[in-house]
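Colleague: Below you will find the structure I want to go over with you.
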Amino acid sequence: VRAAYGADEKVASAGLQQAREDGWVFAAAVLPQVERCDSDVAAMLRANMEYGVGELQDGYKAIAYALQGVYSCLGLSCDAVGAYSVDVGGPVVEGLEACAAKAPSGEIAGYKPSTDVSDLVQLDLDQQALNVAADEGKFSAAAELYENGEHVPGSSLKRPDDPHLHTGGSHCKVFDVYATFWDSESWADEFVQQGFSPSTTLSDEVRFEFVTKGAAYQATWIAVLEEYEHAVIECREEQRAHHGDDEHGQGEHDDEHIHGRRAAGLSEDDYDYDYDYDYDNGDVHGGAHDHPSPLHAVDAAWALYAGSLEGPVGTGAGVHMYALAEDQAAHFGTRRNGKAAVNGRMLAHQEAFRTYIGAGQCDDAEALLDEIVPDMTLPLVQGVLRGAHAVDDADKNDAVERTRMLASAWAFAAAVLPQVERCDSDVAAMLRANMEYGVGELQDGYKAIAYALQGVYSCLGLSCDAVGAYSVDVGGPVVEGLEACAAKAPSGEIAGYKPSTDVSDLVQLDLDQQALNVAADEGKFDEARGVYENGDHVDGFSLQLLSTGRRPGGITPVMEGQPWFDLYSRFWGSATYADDFVAKGLAGTPPFNGTAAEAPARASFVSLTAVYQNAWMFVVHKMESAVAGCRLGRAGAVSDLDKAWAVYAGSLEGPVGTGAGVTLYALAEARSHEFGTRKDGEAVANSRVRSAVEGMQALVDSGLCDAARGVLRAAVAQMTVPIVQGAVAGAYRGDARVAGSNAAEQKQARAEGWAYVAALLPQVDECDSDVEKVLLRNMDYGVATVMEDGYAAVVSELQRVYACLDIECEDVGAFSVNGAVVDGLGVCVPATPVPPTPVPAMPVRLSTRQNNGETVPALSGRITDGYDGDYAPLLDQEVTVAGTDCRLEWTQLDLQYTWGAIPCKTWDYVQVLVDGVVQSTMCSNNLGGAKARDTVLQLSGPEFTVKFHSDVHVGAGGFSLDFQCADDHTPAPTQKCHDTSTTYCPQHPEYCEYPGFASDCPVTCNTCPCVDKRLPDGSEFHLVSGKTRTCSYLAQDPVGRCARFGGEEFAMDGLTASEACCVCGGGGQ
């Protein structure tokens, strides 16, 4: 304390250096004990006084005040410490008087703290003074209040409970969500600072909204959650200190919570520490639960949530979250027994949380946060709805009032946006596009905002009843469109698919497509445009929004950054390419001429393009979003797949899929009749897309994100099949040399063919630009000579890229007219693969690798997820083995692909054939993850041709087949791994022994499959870079499957530690 005063440059001018040296000597001598009492006080002490690090930036008074809070825990008293005078017998230094022993605070809004928070509870007085200063336009004074505070020593609105937010301590899970979304750990402060910036061009009215609401509903809001989370952390620290090896004091029960956090993508490092120090004799705390820090953090949370202005009972007269909740409840009709229902729940949570912490039930306290966070979010969501209506209702001629309303609405929207993003990225994008200050002006209207938010209530932990119905005047009429919504149940079955979330509204978007088709067919293109742009059946959404992500003239579409969208937008040179095509058809602009004779052609083009460009890309986008959401641990990831299928099929298909609709499902059905690609009464492409979406649903729900991405690639290929079929049919029907067609039919056929080809060209160009040029030269609607090369030549060129598109000749089928296959358009014959070079009668490993687009046998390799250029389906790979009495063995069939326990479909199986005879068939759900069942065939004969066949387009994984002659059990001859001479492992002849990590040499003799064994903690292994790392297993992993080193996640074959079974060893696997 004495050195702190001497080192404070605000009061001492001489001897600062010596005082700072002395200060750290004394601080270091007490810091371990202070840490045991309150880690936050210790962090503050160290940040201010460690020599060479801190310069007493918080001042000596804050240091003294913080230390007084741990006197009792240190076994000291205020009288024992005394009052400090610079000169013996001289005046006592201000702020270093003998403190008064602190008793628990009085009641705060119905809650009786068990520790002293009488100072912290007055932080709301700073908020009140800030509001007044900002309202009077005194932003310099407001900034001083915000930065340094006035009523709570050592704390301010910028740093509500000092050291948490600025000493690099652990943050709560919600903090991480917000910091990740805004890409900053100081997002709340940055929001407030927009109003304080001296160079700002914002009006005083807008600055007021940013400053006051940012401080209260972002900075203080997250500080409350930080206190709750720190209470849990400190509870576990205390349990660890008292219970030894049972680090958390709740044994196996805690493991479940740790694994739950892993599933959410969070590391134990965010919550648990390696601090195991304890006194050998005695307990400095004097008992199991008189450590003040956890309970103090609980009390601090409520002090910040309510504030002193609420008094002992809670009147709603304050300026913090409690008061906001009271105000919102009055307008939304959610008051119960004279109080906001949410405040009643928060008080109950507070009491229960304190009980759990006091009893050392740390996990139970943490679980309660899942109820606290939604209730603290509720008034913010109500603020978004209220703000959206206020903007829409504001006088358009009163620019000042309208901009103030926009700023206020954005303050609330910014406070919930990161959580909304976790639930549904599209809703978050819409919210931001409409409400971000300076970007949106609520162009979609408050009803659309309300409707979109209702779709994520469940994910946010809210309910329609909890949000309530909004009235501008308390007790007045409810605003139209802001009535209390009805709780949404999962939708009914759609074309054989059962959604797990509610898509009952989105599925009706096909009714807009139906209305568009009718209007366009009747030549009413203005009416069609109205349906297309504004929609009739889904609030706040339209066919146009499927492709643009928002209305014209706005921000970048939400699909940007996703591989398929980027491929198409890059090819067409426009982020709104699909909308651009439809707009030309609706307006009759080039390549159309707008004449009445061309109306049928325009109608067909508009209808097909809205489906195969707008809707097609939206479905892919939603599947991409599901994979991205899976990797982020986003709660709403599975709902993205439900939305994908809802748009793919549509409501007109009913529960089983009849082909009576107007969307992708129906058009695939129509093409399947023409091309003979039906099975069990349904288009094969439709059944495969549905299987893929169902498979992705299971994988995403299980957190198997990389595998889900692989299935996505297969789904896109099958969604492309009907487009290819349409292009083939369009080439035939658009060829003037085809007998029986007239000029009008030719024009319409050309428009339809161009709609299909335009939807296909970006993929074709990616495969072979020469084929793309042929399609463009022959089928572009604007070319002078249509089908110059003739349909047969054009289709033949298109067939060249089937393999690259991941489709087969059988997928496309044979095109028939009036029941007869068209000459030259039968089922194509795939190009004959180059036969592999025969291998000698010795152990051989067959695998696949993609080399410049050609799949060839290789010593080793793997099939990856399709986004790094290495994707390859497992189709008819074969090898010839010479010798007699050979033993065919496949012990490791690596398909990182399994969809879980779902029935075999028509295409998800693997077959092994020997000389054309099927020897084994395995369904995907028999694979059981990374390894299939060991299978051995004893064969006799001079030569065998072994074919590995699968209709599966594997997204992530690989396979290996091992051949061994029965009469030759001797070790194989020396082989080479790269340029290093090695020998085969006797146990695993397919692997080379190699002291590094390389794709061709994945393991060595001394490693066993990870399901069987792991090496001891501390074992060394090597990286590709040549660096050596030491194994360190995660403490709570009971089987040691996941490893980490040097603070880095250990990943293998593209899988993160949570997905891979990792073993440390000399070979680096």
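Residue numbering restarts at 1 in every chain; chains get A, B, ... in the order shown in the structure tokens, and ligands count up from 1 in that same order.
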Return as a PyMOL selection string the full set of residues in region 283-367 of chain A whose backbone-based DSSP assignment is alpha helix (DSSP H).
Modeller: chain A and resi 292-306+321-332+341-358+362-367
Colleague: Write out as a ChimeraX atom specification the residues lying within 9 Å of region 209-216 of chain A, counting only C-alpha atoms and excluding same-chain residues fewer than 2 positions away.
Modeller: /A:124,127,130-131,134,142-143,146,157-158,188-189,191-196,204-207,218-221,319-321,404-405,407-408,410-412,415
Colleague: Skip Ala341 (chain A) itself and residues of its chain fewer than 5 positions away, then list as a ChimeraX atom specification all residues within 10 Å of it, counting only C-alpha atoms.
Modeller: /A:325-326,329,333-336,346,375,466
Colleague: Considering only C-alpha atoms, can you say which of A:Met719, A:Ala755, A:Val34, A:Val728 comes closest to Arg602 (chain A)?
Modeller: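 Of A:Met719, A:Ala755, A:Val34, A:Val728, the one nearest Arg602 (chain A), counting only C-alpha atoms, is A:Ala755.
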Colleague: Which one is closest to Ala685 (chain A): A:Val132, A:Cys767, A:Ala666, A:Ala428? Count only C-alpha atoms.
Modeller: A:Ala666
Colleague: Residues near Val620 (chain A), anyone? I mean within 8 Å using only C-alpha atoms, not counting same-chain ones fewer than 4 positions away, as a list in words.
Modeller: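 Using only C-alpha atoms, the neighbours found are Trp564, Trp616, Glu624, Ala644 and Val716 of chain A.
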Colleague: Only N, CA and C atoms, please: the residues just picked out, written as an mmCIF file, in the first residue's frame.
Modeller:
data_model
loop_
_atom_site.group_PDB
_atom_site.id
_atom_site.type_symbol
_atom_site.label_atom_id
_atom_site.label_comp_id
_atom_site.auth_asym_id
_atom_site.auth_seq_id
_atom_site.Cartn_x
_atom_site.Cartn_y
_atom_site.Cartn_z
ATOM 1 N N TRP A 564 -19.592 -22.735 -54.046
ATOM 2 C CA TRP A 564 -20.432 -22.838 -55.246
ATOM 3 C C TRP A 564 -20.908 -21.465 -55.694
ATOM 4 N N TRP A 616 -31.900 -23.160 -56.914
ATOM 5 C CA TRP A 616 -30.817 -24.153 -56.869
ATOM 6 C C TRP A 616 -29.672 -23.670 -55.993
ATOM 7 N N GLU A 624 -24.376 -25.517 -47.454
ATOM 8 C CA GLU A 624 -23.071 -24.965 -47.076
ATOM 9 C C GLU A 624 -23.151 -24.327 -45.692
ATOM 10 N N ALA A 644 -33.258 -26.015 -46.742
ATOM 11 C CA ALA A 644 -32.790 -26.432 -48.066
ATOM 12 C C ALA A 644 -33.817 -27.341 -48.724
ATOM 13 N N VAL A 716 -24.776 -32.026 -54.448
ATOM 14 C CA VAL A 716 -24.694 -31.053 -55.534
ATOM 15 C C VAL A 716 -24.613 -31.778 -56.880
#
Colleague: Quote the spacing between CA of Glu598 (chain A) and CA of Ala583 (chain A) in Å to one decimal place.
Modeller: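 Taking CA of Glu598 (chain A) as the start and CA of Ala583 (chain A) as the end point, the length is 15.5 Å.
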Colleague: From the options A:Asp38, A:Asp79, A:Glu694, A:Glu674, which residue's atoms come nearest to Pro499 (chain A), counting only C-alpha atoms?
Modeller: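 Using only C-alpha atoms, Pro499 (chain A) sits closest to A:Glu694.
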Colleague: My list of candidates is A:Arg354, A:Arg159, A:Lys10, A:Arg733. Which is closest to Gly790 (chain A) when distances are computed with only C-alpha atoms?
Modeller: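 Result for the nearest residue to Gly790 (chain A): A:Arg733.
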Colleague: By how many Å are CA of Ala399 (chain A) and CA of Thr200 (chain A) apart?
Modeller: 18.2 Å
Colleague: Would you compute the distance between CA of Ala141 (chain A) and CA of Tyr65 (chain A)? Give it in Å to one decimal.
Modeller: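 Spanning CA of Ala141 (chain A) to CA of Tyr65 (chain A) is a straight-line distance of 24.8 Å.
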Colleague: Using only C-alpha atoms, which residues of region 644-674 of chain A come within 12 Å of region 800-812 of chain A, and what is the closest atom pair for each, with the distance in Å to one decimal? Give it as a tab-separated table, sorted by chain and residue number.
Modeller:
residue	atom	partner	partner_atom	distance
A:Ala668	CA	A:Val812	CA	11.0
A:Arg671	CA	A:Val812	CA	9.4
A:Ser672	CA	A:Val812	CA	8.5
A:His673	CA	A:Val812	CA	11.3
A:Glu674	CA	A:Val812	CA	10.2
Colleague: From the options A:Leu608, A:Ala743, A:Ala793, A:Leu586, which residue's atoms come nearest to Gly530 (chain A), counting only C-alpha atoms?
Modeller: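 Of the candidates, the smallest distance to Gly530 (chain A) is held by A:Leu586.
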